[in-house]
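Structure file structure.txt (compact mmCIF, C-alpha atoms and all ligand atoms) follows.
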```
# COMPACT_ATOMS: atom_id res chain seq x y z
CA MET H 1 32.63 63.65 -88.66
CA ILE H 2 33.31 66.82 -86.72
CA LYS H 3 37.02 67.26 -86.41
CA LYS H 4 37.70 67.05 -82.70
CA TYR H 5 41.29 67.68 -81.74
CA TYR H 6 42.95 65.35 -79.22
CA LEU H 7 46.23 66.76 -77.94
CA LEU H 8 48.38 63.74 -76.98
CA SER H 9 51.84 65.24 -77.43
CA PRO H 10 54.61 65.69 -74.84
CA GLY H 11 54.22 69.46 -74.92
CA PRO H 12 52.21 71.44 -75.32
CA THR H 13 49.79 69.42 -73.21
CA PRO H 14 46.07 69.88 -72.49
CA VAL H 15 45.04 72.67 -70.11
CA PRO H 16 42.24 72.21 -67.51
CA GLU H 17 39.05 74.11 -68.34
CA ASN H 18 39.16 76.50 -65.36
CA VAL H 19 42.78 77.29 -66.17
CA LEU H 20 41.90 78.02 -69.80
CA ALA H 21 39.09 80.30 -68.68
CA ALA H 22 41.46 82.30 -66.47
CA ALA H 23 43.20 83.60 -69.61
CA ALA H 24 40.01 85.47 -70.49
CA GLU H 25 40.09 87.60 -67.34
CA PRO H 26 40.91 91.30 -67.74
CA ILE H 27 44.64 92.07 -67.64
CA ILE H 28 45.84 93.55 -64.37
CA HIS H 29 48.93 95.74 -64.22
CA HIS H 30 52.07 93.89 -63.19
CA ARG H 31 53.42 96.64 -60.91
CA THR H 32 50.61 96.31 -58.39
CA SER H 33 50.23 94.59 -55.04
CA GLU H 34 47.37 92.60 -56.56
CA PHE H 35 49.70 91.06 -59.15
CA SER H 36 52.57 90.64 -56.68
CA GLU H 37 50.37 88.61 -54.39
CA ILE H 38 49.48 86.17 -57.17
CA PHE H 39 53.06 86.13 -58.43
CA MET H 40 54.50 85.21 -55.02
CA GLU H 41 51.95 82.43 -54.62
CA VAL H 42 53.14 81.07 -57.96
CA VAL H 43 56.77 81.25 -56.82
CA GLU H 44 55.90 79.37 -53.62
CA GLY H 45 54.01 76.73 -55.61
CA LEU H 46 56.96 76.33 -57.99
CA LYS H 47 59.32 75.84 -55.03
CA TYR H 48 57.06 73.01 -53.89
CA VAL H 49 57.15 71.31 -57.29
CA PHE H 50 60.91 71.88 -57.67
CA GLY H 51 61.53 70.51 -54.17
CA THR H 52 63.70 73.46 -53.22
CA LYS H 53 64.11 76.13 -50.58
CA GLU H 54 65.88 78.32 -53.15
CA ASP H 55 64.22 81.04 -55.22
CA VAL H 56 62.53 79.95 -58.42
CA PHE H 57 62.70 82.63 -61.13
CA VAL H 58 59.89 83.04 -63.66
CA LEU H 59 61.00 83.87 -67.19
CA THR H 60 58.78 84.85 -70.09
CA SER H 61 60.16 82.44 -72.68
CA SER H 62 59.84 78.83 -73.73
CA GLY H 63 61.81 76.20 -71.82
CA SER H 64 64.92 76.70 -73.94
CA GLY H 65 65.16 80.25 -72.57
CA ALA H 66 65.65 78.78 -69.10
CA MET H 67 68.30 76.41 -70.52
CA GLU H 68 70.15 79.40 -72.02
CA THR H 69 69.77 81.22 -68.68
CA ALA H 70 71.43 78.28 -66.91
CA VAL H 71 74.41 78.34 -69.29
CA ILE H 72 75.08 82.07 -69.51
CA ASN H 73 74.78 82.71 -65.76
CA THR H 74 77.06 79.96 -64.49
CA LEU H 75 79.83 79.79 -67.09
CA SER H 76 82.60 81.90 -68.57
CA ALA H 77 84.17 81.73 -72.03
CA GLY H 78 86.57 78.80 -72.35
CA ASP H 79 85.11 76.90 -69.39
CA LYS H 80 84.96 73.13 -69.71
CA THR H 81 81.72 71.19 -69.37
CA ILE H 82 80.36 67.68 -69.85
CA SER H 83 76.97 67.00 -71.39
CA ILE H 84 75.21 63.66 -70.96
CA CYS H 85 73.41 63.59 -74.24
CA GLY H 86 70.82 60.92 -75.05
CA GLY H 87 68.70 62.68 -77.65
CA LYS H 88 67.51 65.88 -79.22
CA PHE H 89 67.09 67.83 -76.00
CA GLY H 90 70.41 66.69 -74.55
CA GLU H 91 72.00 68.02 -77.74
CA ARG H 92 70.54 71.45 -77.02
CA TRP H 93 72.91 71.97 -74.08
CA GLY H 94 75.84 71.55 -76.45
CA LYS H 95 74.32 73.92 -79.01
CA ILE H 96 73.75 76.66 -76.43
CA CYS H 97 77.27 76.26 -75.04
CA GLY H 98 78.66 76.35 -78.58
CA ALA H 99 76.94 79.67 -79.23
CA TYR H 100 78.75 81.21 -76.23
CA GLY H 101 82.21 79.71 -76.71
CA VAL H 102 81.92 77.23 -73.85
CA ASP H 103 83.77 73.94 -74.31
CA VAL H 104 81.51 70.87 -74.22
CA LYS H 105 82.57 67.26 -73.99
CA GLU H 106 79.48 65.54 -75.27
CA ILE H 107 78.80 62.02 -74.05
CA SER H 108 76.71 60.82 -76.96
CA LEU H 109 74.47 57.94 -76.00
CA GLU H 110 72.33 55.88 -78.31
CA TRP H 111 68.77 57.17 -77.91
CA GLY H 112 67.13 55.21 -75.09
CA GLU H 113 70.45 53.94 -73.64
CA LEU H 114 71.36 54.64 -70.03
CA TYR H 115 74.40 56.27 -68.43
CA THR H 116 75.34 55.26 -64.90
CA LYS H 117 76.60 57.38 -62.03
CA GLU H 118 79.74 55.21 -61.99
CA GLN H 119 80.41 56.16 -65.61
CA LEU H 120 79.96 59.80 -64.70
CA ALA H 121 82.32 59.47 -61.73
CA GLU H 122 85.00 58.03 -64.08
CA GLU H 123 84.46 60.82 -66.57
CA LEU H 124 84.80 63.50 -63.89
CA LYS H 125 87.94 61.87 -62.54
CA ALA H 126 89.45 62.02 -66.03
CA ASN H 127 88.33 65.64 -66.47
CA PRO H 128 88.87 67.32 -63.09
CA GLU H 129 88.68 70.84 -64.53
CA THR H 130 84.99 70.36 -65.46
CA LYS H 131 82.84 73.25 -64.27
CA VAL H 132 79.39 71.94 -65.21
CA VAL H 133 77.71 68.61 -65.91
CA PHE H 134 74.57 68.90 -68.02
CA ALA H 135 71.87 66.24 -67.84
CA THR H 136 68.22 65.70 -68.72
CA LEU H 137 65.65 64.30 -66.31
CA SER H 138 63.27 63.06 -69.00
CA GLU H 139 64.67 63.01 -72.55
CA THR H 140 61.50 63.73 -74.48
CA SER H 141 62.88 62.60 -77.83
CA SER H 142 63.37 59.02 -76.59
CA GLY H 143 61.04 58.71 -73.58
CA THR H 144 63.96 57.95 -71.26
CA VAL H 145 64.37 58.95 -67.61
CA TYR H 146 67.95 59.26 -66.31
CA ASP H 147 69.47 58.71 -62.86
CA ILE H 148 69.59 62.31 -61.70
CA GLN H 149 69.79 61.24 -58.06
CA GLY H 150 72.95 59.25 -58.82
CA TYR H 151 74.50 62.08 -60.89
CA GLY H 152 73.74 64.48 -58.02
CA GLU H 153 75.63 62.28 -55.54
CA VAL H 154 78.65 62.07 -57.84
CA VAL H 155 78.81 65.73 -58.84
CA ALA H 156 78.33 66.92 -55.25
CA GLN H 157 81.70 65.33 -54.40
CA THR H 158 83.49 67.57 -56.91
CA ASP H 159 83.79 71.30 -57.55
CA ALA H 160 81.50 70.99 -60.58
CA ILE H 161 77.78 71.75 -60.56
CA LEU H 162 74.92 69.68 -62.00
CA ILE H 163 72.54 71.47 -64.35
CA VAL H 164 69.37 69.51 -65.18
CA ASP H 165 66.75 69.99 -67.88
CA GLY H 166 63.51 69.09 -66.10
CA ILE H 167 61.31 70.58 -68.79
CA SER H 168 59.19 67.50 -69.46
CA GLY H 169 59.97 65.50 -66.30
CA LEU H 170 59.45 67.88 -63.43
CA GLY H 171 56.04 67.41 -61.79
CA ALA H 172 55.50 64.02 -63.44
CA THR H 173 58.40 61.97 -62.11
CA PRO H 174 60.33 62.45 -58.84
CA CYS H 175 63.33 64.78 -58.79
CA PRO H 176 63.45 66.82 -55.58
CA MET H 177 66.08 69.45 -56.37
CA ASP H 178 67.60 69.98 -52.92
CA ASP H 179 67.55 66.33 -51.80
CA TRP H 180 69.00 65.08 -55.06
CA LYS H 181 71.66 67.84 -55.13
CA VAL H 182 70.66 69.38 -58.43
CA ASP H 183 72.42 72.76 -58.69
CA VAL H 184 70.46 74.35 -61.49
CA PHE H 185 67.03 73.04 -62.40
CA VAL H 186 64.98 74.32 -65.34
CA SER H 187 61.45 73.69 -66.51
CA GLY H 188 58.74 75.04 -68.79
CA SER H 189 55.06 75.79 -68.46
CA GLN H 190 53.63 73.68 -71.29
CA LYS H 191 54.48 70.19 -70.04
CA SER H 192 53.37 68.98 -66.59
CA PHE H 193 52.59 72.47 -65.29
CA MET H 194 49.24 72.33 -67.13
CA ILE H 195 49.26 75.78 -68.72
CA PRO H 196 49.96 76.99 -72.28
CA PRO H 197 53.50 77.54 -73.61
CA GLY H 198 55.24 80.79 -72.68
CA LEU H 199 56.75 80.63 -69.19
CA ALA H 200 60.00 79.01 -68.08
CA TYR H 201 61.30 78.39 -64.59
CA ILE H 202 64.79 78.17 -63.12
CA ALA H 203 66.34 77.72 -59.68
CA PHE H 204 69.99 77.83 -58.53
CA SER H 205 71.61 76.14 -55.51
CA GLN H 206 74.03 78.13 -53.33
CA LYS H 207 76.92 76.25 -54.98
CA ALA H 208 75.66 77.34 -58.40
CA TRP H 209 75.10 80.89 -57.22
CA ASN H 210 78.81 81.19 -56.43
CA LEU H 211 79.45 80.59 -60.13
CA VAL H 212 76.74 83.10 -61.08
CA GLU H 213 78.74 85.77 -59.30
CA GLN H 214 81.88 84.90 -61.33
CA SER H 215 80.33 84.22 -64.74
CA ASN H 216 81.40 86.60 -67.50
CA LEU H 217 79.35 85.42 -70.48
CA PRO H 218 77.27 88.19 -72.11
CA LYS H 219 73.71 88.45 -70.85
CA PHE H 220 70.95 90.98 -70.47
CA TYR H 221 67.32 89.76 -70.60
CA PHE H 222 68.27 86.47 -68.94
CA ASN H 223 70.59 87.91 -66.27
CA ALA H 224 69.75 85.85 -63.17
CA GLN H 225 70.95 88.58 -60.80
CA ALA H 226 68.23 90.90 -62.15
CA TYR H 227 65.58 88.21 -61.51
CA LYS H 228 66.90 87.69 -57.98
CA LYS H 229 66.92 91.40 -57.19
CA ASN H 230 63.37 91.83 -58.48
CA LEU H 231 62.04 88.73 -56.76
CA GLY H 232 63.08 90.47 -53.54
CA LYS H 233 60.60 93.15 -54.59
CA LYS H 234 57.95 90.51 -55.40
CA THR H 235 58.16 91.09 -59.12
CA THR H 236 60.08 90.40 -62.34
CA PRO H 237 62.60 92.72 -64.02
CA TYR H 238 60.55 93.03 -67.22
CA THR H 239 56.84 92.76 -68.02
CA PRO H 240 55.84 89.16 -67.29
CA ALA H 241 53.21 87.22 -69.26
CA VAL H 242 50.54 88.34 -66.79
CA SER H 243 47.79 85.99 -67.99
CA LEU H 244 50.08 82.97 -67.93
CA VAL H 245 51.15 83.76 -64.38
CA ILE H 246 47.49 83.90 -63.35
CA GLN H 247 46.85 80.62 -65.17
CA GLN H 248 49.86 79.08 -63.44
CA LYS H 249 48.42 80.06 -60.06
CA LYS H 250 45.19 78.19 -60.89
CA ALA H 251 47.06 75.14 -62.20
CA LEU H 252 49.36 75.09 -59.16
CA ASP H 253 46.23 75.07 -56.98
CA ILE H 254 45.26 71.81 -58.71
CA ILE H 255 48.80 70.41 -58.40
CA LYS H 256 49.01 71.29 -54.69
CA SER H 257 45.58 69.92 -53.89
CA GLU H 258 46.44 66.58 -55.54
CA GLY H 259 49.95 66.55 -54.08
CA LEU H 260 53.12 65.55 -55.93
CA GLU H 261 53.14 61.94 -54.70
CA LYS H 262 49.67 61.39 -56.09
CA LEU H 263 50.61 63.02 -59.38
CA PHE H 264 53.64 60.75 -59.74
CA GLU H 265 51.37 57.76 -59.12
CA HIS H 266 48.87 59.11 -61.66
CA HIS H 267 51.60 59.32 -64.29
CA ARG H 268 52.80 55.84 -63.32
CA ILE H 269 49.33 54.40 -63.96
CA LEU H 270 49.00 56.16 -67.33
CA GLY H 271 52.50 54.99 -68.27
CA ASP H 272 51.76 51.40 -67.27
CA ALA H 273 48.47 51.43 -69.19
CA THR H 274 50.17 52.77 -72.32
CA ARG H 275 53.03 50.29 -72.12
CA ALA H 276 50.60 47.40 -71.60
CA GLY H 277 48.61 48.49 -74.66
CA ILE H 278 51.73 48.75 -76.80
CA LYS H 279 52.97 45.35 -75.66
CA ALA H 280 49.61 43.76 -76.52
CA LEU H 281 50.10 45.01 -80.08
CA GLY H 282 53.44 43.21 -80.25
CA MET H 283 55.43 46.42 -80.43
CA GLU H 284 58.63 47.42 -78.65
CA LEU H 285 59.68 50.48 -76.69
CA LEU H 286 62.73 52.52 -77.69
CA SER H 287 63.92 53.20 -74.15
CA LYS H 288 65.85 50.97 -71.76
CA ASN H 289 64.33 53.00 -68.91
CA PRO H 290 60.97 54.29 -70.13
CA GLY H 291 59.62 57.18 -68.08
CA ASN H 292 56.03 57.83 -67.12
CA ILE H 293 55.99 61.07 -69.09
CA LEU H 294 55.68 59.66 -72.57
CA THR H 295 56.11 56.34 -74.36
CA ALA H 296 58.36 56.12 -77.41
CA VAL H 297 57.46 53.10 -79.55
CA LYS H 298 59.50 51.51 -82.34
CA VAL H 299 57.58 51.40 -85.62
CA PRO H 300 57.36 47.71 -86.63
CA THR H 301 59.23 46.67 -89.75
CA GLY H 302 57.11 46.92 -92.86
CA ILE H 303 55.08 49.84 -91.49
CA ASP H 304 55.63 53.36 -92.79
CA GLY H 305 56.19 55.37 -89.59
CA VAL H 306 55.74 58.75 -91.25
CA GLN H 307 52.41 57.61 -92.68
CA LEU H 308 51.38 56.23 -89.27
CA VAL H 309 51.89 59.58 -87.54
CA LYS H 310 50.34 61.47 -90.45
CA THR H 311 47.19 59.33 -90.28
CA MET H 312 46.93 59.62 -86.48
CA GLN H 313 47.31 63.40 -86.62
CA GLY H 314 45.65 64.27 -89.89
CA LYS H 315 42.78 61.83 -90.19
CA TYR H 316 41.95 60.99 -86.57
CA MET H 317 43.19 64.29 -85.07
CA ALA H 318 44.91 62.23 -82.38
CA TYR H 319 47.91 64.48 -82.06
CA ILE H 320 50.67 62.11 -80.93
CA ALA H 321 54.27 62.97 -81.79
CA GLY H 322 56.50 61.38 -84.40
CA GLY H 323 60.21 60.66 -84.08
CA GLN H 324 62.74 63.44 -84.40
CA ASP H 325 65.97 63.65 -86.38
CA PRO H 326 67.49 60.13 -86.87
CA TYR H 327 64.31 58.55 -85.50
CA LYS H 328 61.88 60.27 -87.86
CA GLY H 329 59.66 57.53 -89.25
CA LYS H 330 61.24 54.99 -86.90
CA ILE H 331 59.39 55.74 -83.66
CA PHE H 332 56.21 57.45 -82.53
CA ARG H 333 55.56 58.97 -79.11
CA ILE H 334 52.37 58.90 -77.04
CA ALA H 335 52.37 61.38 -74.15
CA HIS H 336 50.74 60.80 -70.79
CA LEU H 337 51.78 64.03 -69.19
CA GLY H 338 50.09 66.80 -67.23
CA TYR H 339 46.34 67.16 -67.50
CA MET H 340 45.64 63.80 -69.09
CA GLY H 341 43.39 61.06 -67.78
CA GLY H 342 42.89 57.33 -68.31
CA PHE H 343 40.59 57.79 -71.26
CA ASP H 344 43.18 59.86 -73.09
CA ILE H 345 45.26 56.66 -73.21
CA ILE H 346 42.26 54.74 -74.55
CA THR H 347 41.76 57.43 -77.20
CA ALA H 348 45.40 57.23 -78.24
CA LEU H 349 45.40 53.43 -78.43
CA SER H 350 42.08 53.30 -80.27
CA ALA H 351 43.28 55.77 -82.90
CA LEU H 352 46.51 53.78 -83.11
CA GLU H 353 44.63 50.52 -83.72
CA MET H 354 42.45 52.12 -86.43
CA THR H 355 45.59 53.50 -88.06
CA LEU H 356 47.45 50.18 -87.85
CA SER H 357 44.61 48.26 -89.46
CA GLU H 358 44.63 50.77 -92.31
CA LEU H 359 48.37 50.15 -92.71
CA SER H 360 47.73 46.37 -92.75
CA TYR H 361 49.62 45.63 -89.55
CA ASP H 362 48.77 42.18 -88.19
CA PHE H 363 47.33 42.39 -84.66
CA GLU H 364 44.31 41.37 -82.62
CA SER H 365 41.79 44.16 -82.83
CA GLY H 366 40.96 45.67 -79.42
CA SER H 367 43.86 43.96 -77.66
CA SER H 368 45.63 47.17 -76.68
CA LEU H 369 42.42 48.67 -75.31
CA LYS H 370 41.75 45.57 -73.26
CA ALA H 371 45.27 45.55 -71.80
CA ALA H 372 45.20 49.26 -70.96
CA GLU H 373 41.72 49.02 -69.45
CA GLU H 374 42.92 46.24 -67.15
CA ILE H 375 45.61 48.52 -65.73
CA LEU H 376 43.22 51.44 -65.42
CA LYS H 377 40.57 49.31 -63.69
CA GLU H 378 43.06 47.89 -61.19
CA ASN H 379 44.28 51.34 -60.26
CA TRP H 380 41.17 53.51 -60.57
CA GLU H 381 40.24 55.31 -57.35
C1 LIG P 1 59.96 70.53 -74.52
C2 LIG P 1 61.35 70.33 -74.07
C3 LIG P 1 62.35 71.29 -74.26
C4 LIG P 1 62.17 72.51 -75.10
O1 LIG P 1 61.39 73.43 -74.56
P1 LIG P 1 60.83 74.64 -75.44
O2 LIG P 1 59.75 75.07 -74.52
O3 LIG P 1 60.34 74.12 -76.75
O4 LIG P 1 61.91 75.62 -75.57
C5 LIG P 1 63.61 71.06 -73.74
N1 LIG P 1 63.88 69.92 -73.08
C6 LIG P 1 62.97 68.96 -72.91
C7 LIG P 1 63.34 67.71 -72.20
C8 LIG P 1 61.67 69.13 -73.40
O5 LIG P 1 60.76 68.16 -73.24
```
Since I need it in another form, could you write the structure as structure tokens?
Ligand SMILES: *Cc1c(COP(=O)(O)O)cnc(C)c1O
Amino acid sequence: MIKKYYLLSPGPTPVPENVLAAAAEPIIHHRTSEFSEIFMEVVEGLKYVFGTKEDVFVLTSSGSGAMETAVINTLSAGDKTISICGGKFGERWGKICGAYGVDVKEISLEWGELYTKEQLAEELKANPETKVVFATLSETSSGTVYDIQGYGEVVAQTDAILIVDGISGLGATPCPMDDWKVDVFVSGSQKSFMIPPGLAYIAFSQKAWNLVEQSNLPKFYFNAQAYKKNLGKKTTPYTPAVSLVIQQKKALDIIKSEGLEKLFEHHRILGDATRAGIKALGMELLSKNPGNILTAVKVPTGIDGVQLVKTMQGKYMAYIAGGQDPYKGKIFRIAHLGYMGGFDIITALSALEMTLSELSYDFESGSSLKAAEEILKENWE
């Protein structure tokens, strides 16, 4: 058969056809009013998705560049921080802080376990000198969504700020930055923003900006003050990824015309359909609070999880994601994020069933498709 590639991973995600085509347009110069007009429309669109009145800065980097920007612009050497860490991406906050000599008290959770706002309040009471609390909206390594609204309430009552990784969650699950009192919010282009990898986004609250003005960690390319100054001139300090900005304008047009509420509901339906399919196969989820961004599934005992993912990706070209680090071979992850539709879930489940029968897993053939189709039918508009 022709090898057709089905991208079903939690980043990068599929890109709509008209957005793909926009990358083929001739490059315009970035120091022109023509570019500035597009750029400012993108910034306005990002503010809508972030749920903020603050500036959103556009960085040419992957999402981790925005995470580093958050750290180096708000902190100073020797500062104390707390990181709520439930997986591979939560760990990244600690690694970045470590590279800059910032002290991190890591709250290591089992992958998929929750952490309550009451627990955070206790932790902050015991550590009153904390400058920053790091959290993750959607932990992509475990498929878990955390209580950012609750953390925002708790942190707002202290002198600390709340920095949130929204790289996979933002745009797919609610987290209005200003209402939920997130102080620094970061995201990346290749998840729910429906464009290729290469841009990262970051916004600071006024409370966070006070720390920006005091921060003494070394920085140059990611100096937030330079991005602020240049945004005032409707541009970026350094050459932006012009084509990606143009693509982001087209994708934001889609996002705005659907509206965030409808997109959250769309992701909810895809999440429900996936979870129903998985349940019909007698399998369990890893997360105690599974998000609608991706579904992390425990590999049943007796099945070789590495082989499962290898067959899905290699033979069927259904590019789901495997488990990372301690969960390699123990879970697999099906994304339902960004530009994905109901039949992408059917594709994923069908390839999963074909793979499972090859691995001699005992299940009723077609049961996951039937269960997912029920959810899709009930909700299709
Ligand atoms: C994808 C992802 C990242 C990493 O982003 P890069 O673009 O690979 O740097 C960080 N955090 C979360 C939650 C992610 O899903």
### Task
Kindly work out which residues sit at most 6 Å from ligand LIG 1 (chain P), using all atoms listed in the file, and give the list as a ChimeraX atom specification.
/H:11,62-64,89,138-140,165,167-168,188
Can you write out as CSV which residues of segment 6-69 of chain H fall within 6 Å of segment 314-337 of chain H, alongside each residue's closest atom pair and its distance in Å to one decimal, counting all atoms listed in the file and ordering rows by chain and ascending residue number?
```
residue,atom,partner,partner_atom,distance
H:Tyr6,CA,H:Ala318,CA,4.9
H:Leu7,CA,H:Tyr319,CA,5.0
H:Leu8,CA,H:Ile320,CA,4.8
H:Ser9,CA,H:Ile320,CA,4.8
H:Pro10,CA,H:Ala335,CA,4.9
```
### Query
Which residue, H:Thr52, H:Thr116, H:Thr130, H:Gln225, has the smallest gap to Tyr146 of chain H when you use all atoms listed in the file?
H:Thr116
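With distances taken over all atoms listed in the file, H:Ile72 is the one residue among H:Gly282, H:Ile2, H:Ile72, H:Gly338 lying closest to Phe220 of chain H.
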### Message
Please compute the atom CA of His267 of chain H-atom CA of Asn292 of chain H distance, one decimal, in Å.
### Response
5.5 Å
### Message
For a quick check of understanding, using only C-alpha atoms, which of H:Lys262, H:Lys95, H:Lys53, H:His29 has the smallest distance to Ala203 of chain H?
### Response
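Nearest to Ala203 of chain H: H:Lys53.
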### Message
Would you pick out the contacts of Pro128 of chain H at 10 Å or less, using only C-alpha atoms, so that residues sharing its chain but fewer than 4 positions from it are not included, and give the list as a list in words?
### Response
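Neighbouring residues, sequence-local ones excluded: Lys80, Glu123, Leu124, Thr158, Asp159 and Ala160 of chain H.
Nearest to Leu281 of chain H of all the residues H:Leu260, H:Val212, H:Val132, H:Ala371 is H:Ala371, counting all atoms listed in the file.
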### Query
atom CA of Pro300 of chain H and atom CA of Thr136 of chain H, how far apart in Å?
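These two atoms are separated by 27.6 Å.
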Neighbouring residues of Arg268 of chain H were defined as those with any atom within 9 Å, considering all atoms listed in the file; residues of the same chain fewer than 2 positions away were excluded. Please report them as a CSV table (one decimal) with C-alpha atoms, in the frame of the given file.
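File selection24.csv, as written:
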```csv
chain,number,residue,atom,x,y,z
H,172,ALA,CA,55.5,64.0,-63.4
H,173,THR,CA,58.4,62.0,-62.1
H,263,LEU,CA,50.6,63.0,-59.4
H,264,PHE,CA,53.6,60.8,-59.7
H,265,GLU,CA,51.4,57.8,-59.1
H,266,HIS,CA,48.9,59.1,-61.7
H,270,LEU,CA,49.0,56.2,-67.3
H,271,GLY,CA,52.5,55.0,-68.3
H,272,ASP,CA,51.8,51.4,-67.3
H,273,ALA,CA,48.5,51.4,-69.2
H,291,GLY,CA,59.6,57.2,-68.1
H,292,ASN,CA,56.0,57.8,-67.1
H,293,ILE,CA,56.0,61.1,-69.1
```
### Query
Hey, what's within 12 Å of Met67 of chain H if we count only C-alpha atoms and toss same-chain stuff fewer than 2 positions away? As an MDAnalysis selection string, please?
chainID H and resid 59 61:65 69:74 89:97 134:136 163:167 184:188 200:203 222
### Query
Could you state the separation of atom CA of Ala296 of chain H and atom CA of Glu358 of chain H in Å, given to one decimal place?
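Value for the atom CA of Ala296 of chain H-atom CA of Glu358 of chain H distance: 21.0 Å.
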### Message
For a quick check of understanding, using all atoms listed in the file, which of H:Gly150, H:Pro174, H:Gly277, H:Gly98 has the smallest distance to Ala348 of chain H?
### Response
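Of H:Gly150, H:Pro174, H:Gly277, H:Gly98, the one nearest Ala348 of chain H, counting all atoms listed in the file, is H:Gly277.
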### Query
Of the residues H:Gln214, H:Val133, H:Met177, H:Ser36, which is the one nearest to Thr81 of chain H, using all atoms listed in the file?
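Closest residue, counting all atoms listed in the file: H:Val133.
Excluding Ser350 of chain H itself and same-chain residues fewer than 5 positions from it, the residues having an atom within 10 Å of it are Gly277, Tyr316, Ala318, Asp344, Ile345, Thr355, Leu356, Ser365, Gly366, Ser367, Ser368 and Leu369 of chain H, counting only C-alpha atoms.
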### Task
Just the residues within 8 Å of Ile107 of chain H, please, counting only C-alpha atoms, with nothing from its chain fewer than 4 positions along; format it as a ChimeraX atom specification.
/H:82-85
### Task
Using all atoms listed in the file, collect all residues at a distance of at most 8 Å from (59.0, 71.2, -57.4) as written in the file, then present them as a PyMOL selection string.
chain H and resi 45-52+170-171+175-177
Using the selection just defined, write its residues with C-alpha atoms as a PDB file, in the frame of the given file.
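Now in result-v8.pdb:
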```pdb
ATOM      1  CA  GLY H  45      54.010  76.730 -55.610  1.00  0.00           C
ATOM      2  CA  LEU H  46      56.960  76.330 -57.990  1.00  0.00           C
ATOM      3  CA  LYS H  47      59.320  75.840 -55.030  1.00  0.00           C
ATOM      4  CA  TYR H  48      57.060  73.010 -53.890  1.00  0.00           C
ATOM      5  CA  VAL H  49      57.150  71.310 -57.290  1.00  0.00           C
ATOM      6  CA  PHE H  50      60.910  71.880 -57.670  1.00  0.00           C
ATOM      7  CA  GLY H  51      61.530  70.510 -54.170  1.00  0.00           C
ATOM      8  CA  THR H  52      63.700  73.460 -53.220  1.00  0.00           C
ATOM      9  CA  LEU H 170      59.450  67.880 -63.430  1.00  0.00           C
ATOM     10  CA  GLY H 171      56.040  67.410 -61.790  1.00  0.00           C
ATOM     11  CA  CYS H 175      63.330  64.780 -58.790  1.00  0.00           C
ATOM     12  CA  PRO H 176      63.450  66.820 -55.580  1.00  0.00           C
ATOM     13  CA  MET H 177      66.080  69.450 -56.370  1.00  0.00           C
TER      14      MET H 177
END
```
Using the incomplete input, complete segment 65-77 of chain H to the level of N, CA and C atoms; output as a PDB file, in the coordinates of the input.
```pdb
ATOM      1  N   GLY H  65      64.675  78.992 -73.164  1.00  0.00           N
ATOM      2  CA  GLY H  65      65.160  80.250 -72.570  1.00  0.00           C
ATOM      3  C   GLY H  65      65.740  80.005 -71.193  1.00  0.00           C
ATOM      4  N   ALA H  66      65.115  79.102 -70.432  1.00  0.00           N
ATOM      5  CA  ALA H  66      65.650  78.780 -69.100  1.00  0.00           C
ATOM      6  C   ALA H  66      66.953  77.989 -69.240  1.00  0.00           C
ATOM      7  N   MET H  67      67.048  77.136 -70.290  1.00  0.00           N
ATOM      8  CA  MET H  67      68.300  76.410 -70.520  1.00  0.00           C
ATOM      9  C   MET H  67      69.430  77.406 -70.821  1.00  0.00           C
ATOM     10  N   GLU H  68      69.141  78.388 -71.693  1.00  0.00           N
ATOM     11  CA  GLU H  68      70.150  79.400 -72.020  1.00  0.00           C
ATOM     12  C   GLU H  68      70.528  80.192 -70.762  1.00  0.00           C
ATOM     13  N   THR H  69      69.528  80.494 -69.934  1.00  0.00           N
ATOM     14  CA  THR H  69      69.770  81.220 -68.680  1.00  0.00           C
ATOM     15  C   THR H  69      70.742  80.440 -67.785  1.00  0.00           C
ATOM     16  N   ALA H  70      70.556  79.127 -67.736  1.00  0.00           N
ATOM     17  CA  ALA H  70      71.430  78.280 -66.910  1.00  0.00           C
ATOM     18  C   ALA H  70      72.874  78.381 -67.405  1.00  0.00           C
ATOM     19  N   VAL H  71      73.052  78.324 -68.708  1.00  0.00           N
ATOM     20  CA  VAL H  71      74.410  78.340 -69.290  1.00  0.00           C
ATOM     21  C   VAL H  71      75.072  79.696 -69.073  1.00  0.00           C
ATOM     22  N   ILE H  72      74.398  80.759 -69.462  1.00  0.00           N
ATOM     23  CA  ILE H  72      75.080  82.070 -69.510  1.00  0.00           C
ATOM     24  C   ILE H  72      75.290  82.685 -68.125  1.00  0.00           C
ATOM     25  N   ASN H  73      74.597  82.149 -67.106  1.00  0.00           N
ATOM     26  CA  ASN H  73      74.780  82.710 -65.760  1.00  0.00           C
ATOM     27  C   ASN H  73      75.767  81.949 -64.902  1.00  0.00           C
ATOM     28  N   THR H  74      76.146  80.740 -65.336  1.00  0.00           N
ATOM     29  CA  THR H  74      77.060  79.960 -64.490  1.00  0.00           C
ATOM     30  C   THR H  74      78.455  79.829 -65.104  1.00  0.00           C
ATOM     31  N   LEU H  75      78.579  80.095 -66.398  1.00  0.00           N
ATOM     32  CA  LEU H  75      79.830  79.790 -67.090  1.00  0.00           C
ATOM     33  C   LEU H  75      80.538  81.030 -67.601  1.00  0.00           C
ATOM     34  N   SER H  76      81.808  80.842 -67.952  1.00  0.00           N
ATOM     35  CA  SER H  76      82.600  81.900 -68.570  1.00  0.00           C
ATOM     36  C   SER H  76      83.245  81.319 -69.828  1.00  0.00           C
ATOM     37  N   ALA H  77      83.607  82.196 -70.755  1.00  0.00           N
ATOM     38  CA  ALA H  77      84.170  81.730 -72.030  1.00  0.00           C
ATOM     39  C   ALA H  77      85.382  80.837 -71.767  1.00  0.00           C
TER      40      ALA H  77
END
```
